[in-house]
$ cat protein-v6.cif   # mmCIF, C-alpha atoms and all ligand atoms
data_coords
#
loop_
_atom_site.label_atom_id
_atom_site.label_comp_id
_atom_site.auth_asym_id
_atom_site.auth_seq_id
_atom_site.Cartn_x
_atom_site.Cartn_y
_atom_site.Cartn_z
CA MET A 1 34.49 -4.17 3.68
CA PRO A 2 34.46 -5.38 7.27
CA GLY A 3 33.53 -2.88 9.96
CA VAL A 4 31.62 -0.48 7.70
CA PRO A 5 27.92 -0.36 8.58
CA ILE A 6 25.65 -0.69 5.57
CA ALA A 7 22.31 1.14 5.74
CA ARG A 8 19.49 -1.24 4.90
CA PRO A 9 17.00 -0.13 2.24
CA ASP A 10 14.08 0.10 4.71
CA ALA A 11 16.21 2.25 7.05
CA ILE A 12 17.03 4.56 4.14
CA ARG A 13 13.35 4.76 3.20
CA ARG A 14 12.35 5.59 6.78
CA HIS A 15 15.03 8.25 6.92
CA ASN A 16 13.90 9.79 3.62
CA LEU A 17 10.23 9.71 4.62
CA ALA A 18 11.11 11.55 7.83
CA GLN A 19 13.18 14.10 5.92
CA LEU A 20 10.39 14.80 3.44
CA LEU A 21 7.68 15.02 6.09
CA GLY A 22 9.95 17.30 8.15
CA GLN A 23 10.33 19.71 5.22
CA VAL A 24 6.56 20.03 4.74
CA HIS A 25 6.01 20.26 8.50
CA ARG A 26 8.48 23.14 8.72
CA ASP A 27 7.57 25.05 5.57
CA GLY A 28 4.04 24.01 4.62
CA GLU A 29 3.20 23.51 0.94
CA LEU A 30 6.16 22.58 -1.26
CA THR A 31 6.35 21.44 -4.86
CA ARG A 32 7.86 18.12 -5.81
CA ALA A 33 10.56 20.15 -7.58
CA ASN A 34 11.36 21.95 -4.27
CA LEU A 35 11.59 18.62 -2.47
CA THR A 36 13.79 17.06 -5.15
CA GLU A 37 16.22 19.93 -4.79
CA ARG A 38 16.15 20.10 -0.98
CA LEU A 39 16.60 16.39 -0.37
CA SER A 40 18.99 15.82 -3.29
CA LEU A 41 17.00 12.78 -4.39
CA SER A 42 15.76 11.76 -7.82
CA ARG A 43 12.32 12.82 -9.00
CA SER A 44 11.15 9.22 -9.04
CA THR A 45 12.30 8.67 -5.43
CA ILE A 46 10.48 11.83 -4.33
CA GLY A 47 7.38 10.60 -6.18
CA ALA A 48 7.52 7.26 -4.36
CA LEU A 49 8.06 8.90 -0.95
CA VAL A 50 5.16 11.30 -1.50
CA ALA A 51 2.98 8.35 -2.51
CA ASP A 52 3.94 6.56 0.74
CA LEU A 53 3.17 9.60 2.90
CA THR A 54 -0.14 10.12 1.09
CA GLU A 55 -1.00 6.47 1.64
CA LEU A 56 -0.20 6.88 5.35
CA GLY A 57 -2.68 9.78 5.46
CA LEU A 58 0.00 12.31 6.41
CA LEU A 59 0.26 14.46 3.28
CA ASP A 60 -1.80 15.37 0.26
CA GLU A 61 -0.80 16.13 -3.27
CA ARG A 62 -2.50 18.19 -5.94
CA VAL A 63 -1.76 19.54 -9.37
CA PRO A 64 -1.74 23.33 -9.27
CA THR A 65 -4.30 24.98 -11.49
CA GLY A 66 -3.94 28.20 -13.47
CA GLY A 67 -0.68 29.96 -14.24
CA ALA A 68 0.44 31.06 -17.65
CA ARG A 69 3.74 29.20 -17.70
CA ALA A 70 4.26 26.59 -20.32
CA GLY A 71 5.07 23.00 -19.44
CA ARG A 72 3.79 20.61 -16.83
CA PRO A 73 3.51 22.26 -13.39
CA SER A 74 5.17 20.51 -10.45
CA HIS A 75 2.75 18.79 -8.07
CA VAL A 76 2.20 20.57 -4.76
CA VAL A 77 2.68 18.53 -1.57
CA ALA A 78 0.90 19.79 1.56
CA PRO A 79 -0.32 18.71 5.01
CA ARG A 80 -3.75 17.08 4.96
CA PRO A 81 -6.63 18.81 6.74
CA ASP A 82 -7.89 15.36 7.76
CA GLY A 83 -4.45 14.07 8.75
CA PRO A 84 -2.94 13.64 12.20
CA TYR A 85 -3.11 16.35 14.81
CA ALA A 86 -1.44 17.01 18.14
CA ILE A 87 -3.43 17.97 21.20
CA ALA A 88 -1.35 20.85 22.51
CA VAL A 89 -1.83 22.20 26.02
CA ASP A 90 -0.36 25.32 27.56
CA ILE A 91 -0.81 25.64 31.32
CA ASP A 92 -0.25 29.18 32.51
CA VAL A 93 -0.87 30.45 36.02
CA THR A 94 -4.01 32.32 34.98
CA HIS A 95 -5.41 30.15 32.20
CA LEU A 96 -5.24 26.87 30.34
CA THR A 97 -5.12 26.79 26.53
CA ILE A 98 -5.77 23.60 24.62
CA ALA A 99 -5.67 23.27 20.85
CA ALA A 100 -5.63 20.78 18.01
CA VAL A 101 -2.55 21.50 15.90
CA GLY A 102 -2.00 19.89 12.51
CA ILE A 103 1.18 19.08 10.61
CA GLY A 104 2.78 22.37 9.62
CA GLY A 105 1.94 23.93 12.99
CA ARG A 106 -1.55 25.02 11.94
CA VAL A 107 -3.89 25.58 14.88
CA LEU A 108 -7.13 23.83 13.86
CA ASN A 109 -9.14 24.96 16.88
CA ARG A 110 -8.54 26.08 20.43
CA HIS A 111 -10.19 26.55 23.80
CA THR A 112 -9.01 28.80 26.60
CA LEU A 113 -10.17 28.25 30.16
CA PRO A 114 -9.59 30.90 32.83
CA MET A 115 -8.07 29.18 35.87
CA GLY A 116 -8.60 31.81 38.55
CA PRO A 117 -5.64 33.06 40.52
CA ARG A 118 -4.14 29.53 40.29
CA PRO A 119 -5.00 26.45 38.20
CA GLY A 120 -5.55 24.27 41.27
CA PRO A 121 -4.19 20.84 42.12
CA ALA A 122 -2.53 18.72 39.45
CA ASP A 123 -5.20 16.00 39.38
CA LEU A 124 -7.93 18.59 38.76
CA VAL A 125 -5.93 20.16 35.91
CA ALA A 126 -5.33 16.68 34.46
CA ARG A 127 -9.11 16.09 34.41
CA HIS A 128 -9.70 19.48 32.72
CA ILE A 129 -7.12 18.65 30.07
CA VAL A 130 -8.62 15.29 29.19
CA ALA A 131 -12.17 16.73 29.07
CA GLU A 132 -11.06 19.63 26.86
CA ALA A 133 -9.01 17.29 24.65
CA ALA A 134 -12.21 15.37 23.92
CA ARG A 135 -14.01 18.61 22.98
CA VAL A 136 -11.15 19.74 20.76
CA GLY A 137 -11.04 16.31 19.10
CA ALA A 138 -14.78 16.40 18.43
CA GLU A 139 -14.39 19.65 16.48
CA VAL A 140 -11.73 18.55 13.99
CA ASP A 141 -12.37 16.65 10.75
CA LYS A 142 -13.94 13.27 11.57
CA ARG A 143 -11.19 11.43 9.67
CA ALA A 144 -8.35 13.20 11.51
CA TRP A 145 -6.63 11.38 14.37
CA PRO A 146 -4.62 12.47 17.42
CA VAL A 147 -0.94 11.52 17.67
CA GLY A 148 -0.57 12.49 21.31
CA ILE A 149 -0.99 15.12 23.99
CA GLY A 150 1.87 17.59 24.46
CA ILE A 151 1.72 19.72 27.61
CA SER A 152 3.60 22.89 28.49
CA VAL A 153 4.03 23.56 32.21
CA PRO A 154 5.53 26.65 33.88
CA GLY A 155 7.92 24.70 36.05
CA ALA A 156 10.81 22.26 36.23
CA VAL A 157 9.88 19.06 34.38
CA ASP A 158 11.78 15.78 34.45
CA TRP A 159 11.72 15.06 30.74
CA HIS A 160 12.34 11.33 31.20
CA SER A 161 9.24 10.74 33.32
CA GLY A 162 6.94 13.72 32.71
CA THR A 163 7.05 14.52 36.42
CA VAL A 164 6.67 18.18 37.32
CA GLU A 165 9.31 18.45 40.03
CA PHE A 166 8.56 22.01 41.04
CA ALA A 167 6.21 24.64 39.65
CA PRO A 168 6.27 27.32 42.36
CA ASN A 169 3.60 29.51 40.79
CA LEU A 170 1.22 26.54 40.52
CA THR A 171 2.26 25.37 44.02
CA TRP A 172 2.96 21.93 42.55
CA ARG A 173 5.80 19.84 43.88
CA HIS A 174 6.78 16.41 42.56
CA GLU A 175 3.56 15.79 40.65
CA GLU A 176 3.67 12.77 38.34
CA PHE A 177 1.68 14.81 35.90
CA GLY A 178 2.43 13.04 32.60
CA PRO A 179 1.37 9.62 33.95
CA MET A 180 -1.63 11.27 35.67
CA VAL A 181 -2.95 12.65 32.34
CA ALA A 182 -2.10 9.42 30.50
CA ALA A 183 -4.17 7.40 32.99
CA LEU A 184 -7.25 9.51 32.17
CA ALA A 185 -6.64 9.91 28.42
CA PRO A 186 -7.81 7.44 25.75
CA ARG A 187 -5.74 4.29 26.03
CA GLY A 188 -2.53 4.28 24.05
CA LEU A 189 -2.47 8.05 23.42
CA PRO A 190 1.05 9.22 24.30
CA VAL A 191 1.36 12.10 26.78
CA VAL A 192 4.51 14.22 26.89
CA VAL A 193 5.26 17.11 29.22
CA GLY A 194 7.81 19.93 28.92
CA ASN A 195 8.77 23.24 30.44
CA ASP A 196 7.07 26.29 28.87
CA ALA A 197 10.24 28.16 27.86
CA ASP A 198 11.93 24.97 26.60
CA LEU A 199 8.94 24.32 24.35
CA ALA A 200 8.61 27.94 23.25
CA VAL A 201 12.20 28.06 22.00
CA ILE A 202 11.62 24.90 19.96
CA ALA A 203 8.64 26.55 18.23
CA GLU A 204 10.44 29.88 17.73
CA HIS A 205 13.48 28.06 16.34
CA LEU A 206 11.31 26.13 13.90
CA ARG A 207 8.93 28.84 12.72
CA GLY A 208 9.50 32.09 14.60
CA SER A 209 12.22 34.62 15.38
CA GLY A 210 14.81 31.92 16.09
CA ARG A 211 14.62 30.42 12.64
CA GLY A 212 17.93 30.28 10.81
CA SER A 213 20.01 30.57 13.98
CA ASP A 214 21.57 27.66 15.84
CA ASP A 215 22.30 29.52 19.08
CA VAL A 216 19.17 31.00 20.56
CA VAL A 217 17.99 31.93 24.04
CA TYR A 218 14.27 32.51 24.55
CA LEU A 219 13.19 34.30 27.70
CA ILE A 220 9.60 33.89 28.75
CA GLY A 221 8.03 36.60 30.88
CA ARG A 222 4.89 35.51 32.64
CA VAL A 223 4.15 35.34 36.34
CA GLY A 224 7.15 33.02 36.28
CA VAL A 225 10.31 33.62 34.28
CA GLY A 226 12.43 31.04 32.50
CA ALA A 227 14.71 30.44 29.55
CA GLY A 228 14.61 27.97 26.70
CA ILE A 229 18.00 27.46 25.12
CA ILE A 230 19.16 26.12 21.75
CA VAL A 231 22.90 25.47 21.50
CA ASN A 232 24.50 24.33 18.24
CA GLY A 233 21.03 23.72 16.85
CA ALA A 234 19.85 21.42 19.65
CA PRO A 235 17.79 22.12 22.79
CA LEU A 236 19.89 22.40 25.94
CA ARG A 237 18.10 20.28 28.52
CA GLY A 238 20.69 19.51 31.15
CA HIS A 239 20.97 16.14 32.85
CA ASP A 240 17.30 15.82 33.85
CA GLY A 241 15.65 18.53 31.79
CA TYR A 242 15.80 21.36 34.31
CA ALA A 243 18.22 23.63 32.43
CA GLY A 244 17.12 27.23 31.95
CA GLU A 245 15.56 28.06 35.33
CA VAL A 246 16.89 31.58 35.03
CA GLY A 247 13.98 33.05 36.98
CA HIS A 248 15.28 31.52 40.19
CA ASN A 249 18.86 32.67 39.92
CA VAL A 250 19.42 34.75 43.05
CA VAL A 251 20.73 38.22 42.34
CA ASP A 252 20.33 39.58 45.88
CA ALA A 253 19.99 37.15 48.79
CA SER A 254 18.32 39.89 50.86
CA GLY A 255 15.90 40.81 48.07
CA PRO A 256 12.12 40.26 47.87
CA ALA A 257 10.64 36.86 48.79
CA CYS A 258 10.05 34.55 45.82
CA HIS A 259 7.35 31.87 45.43
CA CYS A 260 10.13 29.28 45.31
CA GLY A 261 11.05 29.97 48.95
CA LYS A 262 14.27 31.89 48.30
CA ARG A 263 14.81 35.64 48.26
CA GLY A 264 15.96 37.98 45.53
CA CYS A 265 15.38 35.69 42.54
CA VAL A 266 15.42 37.24 39.06
CA GLU A 267 11.67 36.60 38.85
CA THR A 268 11.01 38.97 41.76
CA TYR A 269 12.50 41.81 39.69
CA VAL A 270 11.24 41.07 36.18
CA GLY A 271 8.19 38.77 36.53
CA GLU A 272 4.68 40.08 35.88
CA ASN A 273 3.95 40.47 39.60
CA ALA A 274 7.01 42.71 39.95
CA LEU A 275 5.92 44.83 37.00
CA LEU A 276 2.40 45.30 38.37
CA GLU A 277 3.69 46.15 41.82
CA LEU A 278 6.13 48.73 40.45
CA ALA A 279 3.29 50.25 38.44
CA GLY A 280 1.16 50.56 41.59
CA HIS A 281 -1.38 47.82 40.80
CA THR A 282 -2.63 45.61 43.57
CA GLY A 283 -4.31 42.27 43.03
CA PRO A 284 -3.44 39.30 40.85
CA VAL A 285 -1.92 39.31 37.39
CA THR A 286 -4.53 39.22 34.65
CA ALA A 287 -4.40 39.97 30.95
CA GLY A 288 -6.42 43.10 31.78
CA SER A 289 -4.12 44.44 34.51
CA LEU A 290 -1.00 43.87 32.41
CA GLY A 291 -2.64 45.41 29.36
CA ALA A 292 -3.52 48.47 31.45
CA VAL A 293 0.11 48.95 32.53
CA PHE A 294 1.40 48.62 28.97
CA ALA A 295 -1.31 50.96 27.64
CA ALA A 296 -0.45 53.55 30.31
CA ALA A 297 3.27 53.25 29.52
CA THR A 298 2.54 53.60 25.81
CA ALA A 299 0.61 56.79 26.61
CA GLY A 300 3.61 58.06 28.60
CA GLU A 301 2.03 57.83 32.07
CA HIS A 302 4.88 58.40 34.52
CA ARG A 303 4.59 55.52 36.99
CA ALA A 304 3.83 52.86 34.36
CA THR A 305 6.70 54.08 32.19
CA ALA A 306 9.11 54.01 35.14
CA ALA A 307 7.93 50.48 36.04
CA VAL A 308 8.51 49.17 32.52
CA ARG A 309 11.94 50.83 32.38
CA THR A 310 12.97 49.36 35.74
CA VAL A 311 11.96 45.88 34.59
CA ALA A 312 13.74 46.42 31.25
CA ALA A 313 17.01 47.35 32.98
CA ALA A 314 16.84 44.33 35.32
CA LEU A 315 16.07 42.13 32.35
CA GLY A 316 19.03 43.58 30.45
CA ARG A 317 21.32 42.55 33.33
CA THR A 318 19.82 39.05 33.34
CA ILE A 319 20.36 38.77 29.59
CA ALA A 320 23.96 39.97 30.03
CA SER A 321 24.71 36.98 32.29
CA LEU A 322 23.17 34.61 29.75
CA VAL A 323 25.15 36.19 26.92
CA ASN A 324 28.38 35.84 28.89
CA VAL A 325 27.71 32.17 29.64
CA LEU A 326 26.13 30.98 26.39
CA ASN A 327 27.27 33.37 23.64
CA PRO A 328 23.93 33.16 21.78
CA GLU A 329 23.39 34.70 18.36
CA ARG A 330 19.84 35.77 19.24
CA VAL A 331 17.96 36.44 22.44
CA LEU A 332 14.20 36.32 21.94
CA LEU A 333 11.86 38.09 24.31
CA GLY A 334 8.57 36.30 24.79
CA GLY A 335 5.42 36.76 26.85
CA SER A 336 5.23 40.16 28.53
CA PHE A 337 8.97 40.69 27.87
CA ALA A 338 8.17 41.38 24.21
CA GLU A 339 6.15 44.42 25.25
CA VAL A 340 8.77 45.53 27.80
CA PHE A 341 11.35 45.34 24.99
CA ARG A 342 9.15 47.41 22.67
CA LEU A 343 8.48 50.10 25.28
CA ALA A 344 11.90 50.32 26.95
CA ASN A 345 14.36 49.12 24.35
CA ALA A 346 16.98 51.73 25.30
CA GLU A 347 17.07 50.76 29.00
CA MET A 348 17.36 47.08 28.18
CA VAL A 349 20.13 47.59 25.62
CA GLN A 350 22.03 49.92 27.93
CA ALA A 351 21.97 47.37 30.76
CA LEU A 352 23.08 44.67 28.35
CA ASP A 353 25.94 46.85 27.06
CA SER A 354 27.11 47.65 30.59
CA HIS A 355 27.13 44.07 31.87
CA THR A 356 28.39 41.86 29.06
CA MET A 357 31.88 40.99 28.02
CA GLY A 358 32.71 42.79 24.78
CA ALA A 359 33.03 39.96 22.29
CA PRO A 360 29.73 38.10 22.80
CA ARG A 361 27.89 41.45 23.05
CA ASN A 362 29.08 42.42 19.59
CA THR A 363 27.25 39.62 17.84
CA VAL A 364 24.10 39.04 19.89
CA GLN A 365 20.79 40.38 18.60
CA LEU A 366 17.80 41.08 20.83
CA CYS A 367 14.40 40.60 19.24
CA ALA A 368 10.77 40.16 20.17
CA ALA A 369 9.57 36.57 19.81
CA ARG A 370 7.32 36.28 16.76
CA LEU A 371 4.87 33.60 17.86
CA GLY A 372 3.59 35.64 20.79
CA ASN A 373 1.65 33.75 23.41
CA ASP A 374 1.34 30.72 21.14
CA ALA A 375 5.02 29.76 21.33
CA SER A 376 4.69 27.32 24.25
CA LEU A 377 1.47 25.87 22.80
CA LEU A 378 3.12 25.26 19.41
CA GLY A 379 6.18 23.84 21.15
CA ALA A 380 3.91 21.43 23.03
CA ALA A 381 2.52 20.33 19.65
CA GLU A 382 6.09 19.67 18.46
CA LEU A 383 6.61 17.45 21.48
CA ALA A 384 3.51 15.42 20.60
CA PHE A 385 4.49 15.19 16.91
CA ALA A 386 8.12 14.24 17.53
CA ALA A 387 7.67 10.47 17.27
CA VAL A 388 5.69 10.61 14.00
CA LEU A 389 8.12 13.11 12.49
CA ALA A 390 11.07 10.91 13.44
CA ASP A 391 9.47 7.82 11.89
CA PRO A 392 6.35 8.45 9.78
CA LEU A 393 5.77 4.71 9.45
CA LEU A 394 4.85 4.68 13.15
CA THR A 395 1.71 6.69 12.51
CA ARG A 396 -1.62 4.97 12.70
CA SER A 397 -4.69 5.82 10.71
CA ALA A 398 -8.06 6.00 12.42
ZN ZN A 401 12.70 31.95 43.15
#

$ encode --input "protein-v6.cif" --output "structure tokens"
Amino acid sequence: MPGVPIARPDAIRRHNLAQLLGQVHRDGELTRANLTERLSLSRSTIGALVADLTELGLLDERVPTGGARAGRPSHVVAPRPDGPYAIAVDIDVTHLTIAAVGIGGRVLNRHTLPMGPRPGPADLVARHIVAEAARVGAEVDKRAWPVGIGISVPGAVDWHSGTVEFAPNLTWRHEEFGPMVAALAPRGLPVVVGNDADLAVIAEHLRGSGRGSDDVVYLIGRVGVGAGIIVNGAPLRGHDGYAGEVGHNVVDASGPACHCGKRGCVETYVGENALLELAGHTGPVTAGSLGAVFAAATAGEHRATAAVRTVAAALGRTIASLVNVLNPERVLLGGSFAEVFRLANAEMVQALDSHTMGAPRNTVQLCAARLGNDASLLGAAELAFAAVLADPLLTRSA
């Protein structure tokens, strides 16, 4: 029939390989019987695809032992411990985390470097990343091989070029960070860069609190504040990749000064600096100072409790605007917002109730993000794995 495209057999095979690998990446160990059912393919086709992915060094297969059931048990297909891994990097204002992450999202090893009050200039951070990537790589199975470096940055990232356009809390402006790391990394190793909240929502959608929902907003609460957004099952990037900079929406033009140069941004009311200041802490944000505020609020100490409640109410108003605009099914609270939500749930919900339109409020659920501080790191791994998951035949064995 003229005009009807016909899928070529190798295109179908590539598609099926990607589908099968994607299932194991998302859910971990699966039996051949599971895969046959999920992919609606014949048992012999599944057998051939598993053989291909095993040959490529991506998956492993074993016959389960034990069990009292009669009959031949279905083979179990799983990620290989000596298979490919992503080098995932999470740059936060106070520290840098770098990890080797295998297929299935398993963290194989990790290093965390304190970065002082600020990580320093981009070229210095790029050198740290490449040095730590080598250490991380030396600790994994000798037969394993890296597929790429995925980097999470707390700032606006041009996703086409890997340029960090503006990361106010790092004091970086127009840093060609992706190319900078690639120039120092082993030749040919792809380097991809994304915004921390954008990457966190990808990880939460795949294996955290966003799983099973196609309309998710993830709010990250760190020194900076941002949103990662999934709409109709796909990440919302915007034209250049800058969508979700909720932290710099101005709510009061005469409000407190923000690191971005404006006044009265959302971040100045709900970011970690705002929380510490409200609680009477001076000095920079550290895991210790934040932990102390949350511990004091948990114990019912007056000023810490009031600080957490004030932040919760401001956050509820911010969420209300997002709910009105995006009509999400779930709003996930990540970073320090998870703890604010736990301690001052009532204040947050009340602010949300008061400031949303009725209909979208009725269906939205608020929940703490499940992956904790690893969400951006695991999202960075997804970024590095994306090409292999899309076309497993592109992988290369060491
Ligand atoms: Zn701002």

$ closest_atom_pairs --input "protein-v6.cif" --of "chain A" --to "ligand ZN 401 (chain A)" --cutoff "12 Å" --atoms "only C-alpha atoms and all ligand atoms" --output "Markdown table"
| residue | atom | partner | partner_atom | distance |
| --- | --- | --- | --- | --- |
| A:Gly155 | CA | A:ZN401 | ZN | 11.2 |
| A:Phe166 | CA | A:ZN401 | ZN | 11.0 |
| A:Ala167 | CA | A:ZN401 | ZN | 10.4 |
| A:Pro168 | CA | A:ZN401 | ZN | 8.0 |
| A:Asn169 | CA | A:ZN401 | ZN | 9.7 |
| A:Val223 | CA | A:ZN401 | ZN | 11.4 |
| A:Gly224 | CA | A:ZN401 | ZN | 8.9 |
| A:Val225 | CA | A:ZN401 | ZN | 9.3 |
| A:Gly226 | CA | A:ZN401 | ZN | 10.7 |
| A:Glu245 | CA | A:ZN401 | ZN | 9.2 |
| A:Val246 | CA | A:ZN401 | ZN | 9.1 |
| A:Gly247 | CA | A:ZN401 | ZN | 6.4 |
| A:His248 | CA | A:ZN401 | ZN | 4.0 |
| A:Asn249 | CA | A:ZN401 | ZN | 7.0 |
| A:Val250 | CA | A:ZN401 | ZN | 7.3 |
| A:Val251 | CA | A:ZN401 | ZN | 10.2 |
| A:Asp252 | CA | A:ZN401 | ZN | 11.1 |
| A:Ala253 | CA | A:ZN401 | ZN | 10.6 |
| A:Gly255 | CA | A:ZN401 | ZN | 10.6 |
| A:Pro256 | CA | A:ZN401 | ZN | 9.6 |
| A:Ala257 | CA | A:ZN401 | ZN | 7.8 |
| A:Cys258 | CA | A:ZN401 | ZN | 4.6 |
| A:His259 | CA | A:ZN401 | ZN | 5.8 |
| A:Cys260 | CA | A:ZN401 | ZN | 4.3 |
| A:Gly261 | CA | A:ZN401 | ZN | 6.3 |
| A:Lys262 | CA | A:ZN401 | ZN | 5.4 |
| A:Arg263 | CA | A:ZN401 | ZN | 6.6 |
| A:Gly264 | CA | A:ZN401 | ZN | 7.3 |
| A:Cys265 | CA | A:ZN401 | ZN | 4.6 |
| A:Val266 | CA | A:ZN401 | ZN | 7.2 |
| A:Glu267 | CA | A:ZN401 | ZN | 6.4 |
| A:Thr268 | CA | A:ZN401 | ZN | 7.4 |
| A:Tyr269 | CA | A:ZN401 | ZN | 10.5 |
| A:Val270 | CA | A:ZN401 | ZN | 11.6 |
| A:Gly271 | CA | A:ZN401 | ZN | 10.5 |

$ closest_atom_pairs --input "protein-v6.cif" --of "segment 270-386 of chain A" --to "segment 196-216 of chain A" --cutoff "6 Å" --atoms "only C-alpha atoms" --output "tab-separated table"
residue	atom	partner	partner_atom	distance
A:Pro328	CA	A:Asp215	CA	4.8
A:Glu329	CA	A:Asp215	CA	5.3
A:Arg330	CA	A:Val216	CA	5.0
A:Val331	CA	A:Val216	CA	5.9
A:Ala369	CA	A:Ser209	CA	5.5
A:Arg370	CA	A:Gly208	CA	5.2
A:Leu371	CA	A:Gly208	CA	5.9
A:Ala375	CA	A:Ala200	CA	4.5
A:Ser376	CA	A:Ala200	CA	4.1
A:Leu378	CA	A:Ala203	CA	5.8
A:Gly379	CA	A:Leu199	CA	4.3
A:Ala380	CA	A:Leu199	CA	5.9

$ residues_near_point --input "protein-v6.cif" --point "(0.4, 26.8, 39.2)" --cutoff "9 Å" --atoms "all atoms listed in the file" --output "list in words"
Ile91, Asp92, Val93, Thr94, Pro117, Arg118, Pro119, Gly120, Pro121, Ala122, Val153, Pro154, Gly155, Ala167, Pro168, Asn169, Leu170, Thr171 and Trp172 of chain A

$ residues_around --input "protein-v6.cif" --residues "Gly291 of chain A" --least-positions-apart "6" --cutoff "10 Å" --atoms "all atoms listed in the file" --output "compact mmCIF listing (two decimals) with C-alpha atoms, in the frame of the given file"
# COMPACT_ATOMS: atom_id res chain seq x y z
CA ALA A 297 3.27 53.25 29.52
CA SER A 336 5.23 40.16 28.53
CA GLU A 339 6.15 44.42 25.25

$ atom_distance --input "protein-v6.cif" --atom1 "atom CA of Gly358 of chain A" --atom2 "atom CA of Gly335 of chain A"
28.0 Å

$ residues_around --input "protein-v6.cif" --residues "Val349 of chain A" --least-positions-apart "2" --cutoff "9 Å" --atoms "all atoms listed in the file" --output "number ranges by chain"
A: 312-313, 316, 344-347, 351-354, 366

$ write_last_selection --input "protein-v6.cif" --atoms "C-alpha atoms" --output "compact mmCIF listing (two decimals), keeping the file's coordinate frame"
# COMPACT_ATOMS: atom_id res chain seq x y z
CA ALA A 312 13.74 46.42 31.25
CA ALA A 313 17.01 47.35 32.98
CA GLY A 316 19.03 43.58 30.45
CA ALA A 344 11.90 50.32 26.95
CA ASN A 345 14.36 49.12 24.35
CA ALA A 346 16.98 51.73 25.30
CA GLU A 347 17.07 50.76 29.00
CA ALA A 351 21.97 47.37 30.76
CA LEU A 352 23.08 44.67 28.35
CA ASP A 353 25.94 46.85 27.06
CA SER A 354 27.11 47.65 30.59
CA LEU A 366 17.80 41.08 20.83

$ atom_distance --input "protein-v6.cif" --atom1 "atom CA of Asn273 of chain A" --atom2 "atom CA of Ser321 of chain A"
22.3 Å

$ closest_residue --input "protein-v6.cif" --among "A:Ala295, A:Leu219, A:Val325, A:Ile151" --to "Cys367 of chain A" --atoms "all atoms listed in the file"
A:Leu219

$ residues_around --input "protein-v6.cif" --residues "segment 302-311 of chain A" --least-positions-apart "6" --cutoff "6 Å" --atoms "only C-alpha atoms" --output "VMD selection string"
chain A and resid 270 278 to 279 293 296 340 344

$ atom_distance --input "protein-v6.cif" --atom1 "atom CA of Val136 of chain A" --atom2 "atom CA of Gly83 of chain A"
14.9 Å

$ residues_around --input "protein-v6.cif" --residues "segment 32-49 of chain A" --least-positions-apart "5" --cutoff "7 Å" --atoms "all atoms listed in the file" --output "VMD selection string"
chain A and resid 17 74 to 77

$ closest_residue --input "protein-v6.cif" --among "A:Arg80, A:Lys142, A:Arg72, A:Arg317" --to "Leu59 of chain A" --atoms "all atoms listed in the file"
A:Arg80

$ closest_residue --input "protein-v6.cif" --among "A:Gly280, A:Ile220, A:Gly288, A:Ser161" --to "Asp240 of chain A" --atoms "only C-alpha atoms"
A:Ser161

$ closest_residue --input "protein-v6.cif" --among "A:Leu276, A:Ala131, A:Val50, A:Ala381" --to "Gly102 of chain A" --atoms "all atoms listed in the file"
A:Ala381

$ closest_residue --input "protein-v6.cif" --among "A:Phe177, A:Glu272, A:Ser254, A:Glu301" --to "Pro284 of chain A" --atoms "all atoms listed in the file"
A:Glu272

$ closest_residue --input "protein-v6.cif" --among "A:Ala390, A:Ala227, A:Val101, A:Ala11" --to "Leu326 of chain A" --atoms "only C-alpha atoms"
A:Ala227

$ residues_around --input "protein-v6.cif" --residues "Arg110 of chain A" --least-positions-apart "6" --cutoff "10 Å" --atoms "only C-alpha atoms" --output "PyMOL selection string"
chain A and resi 87-89+97-101+132-133+135-136+139
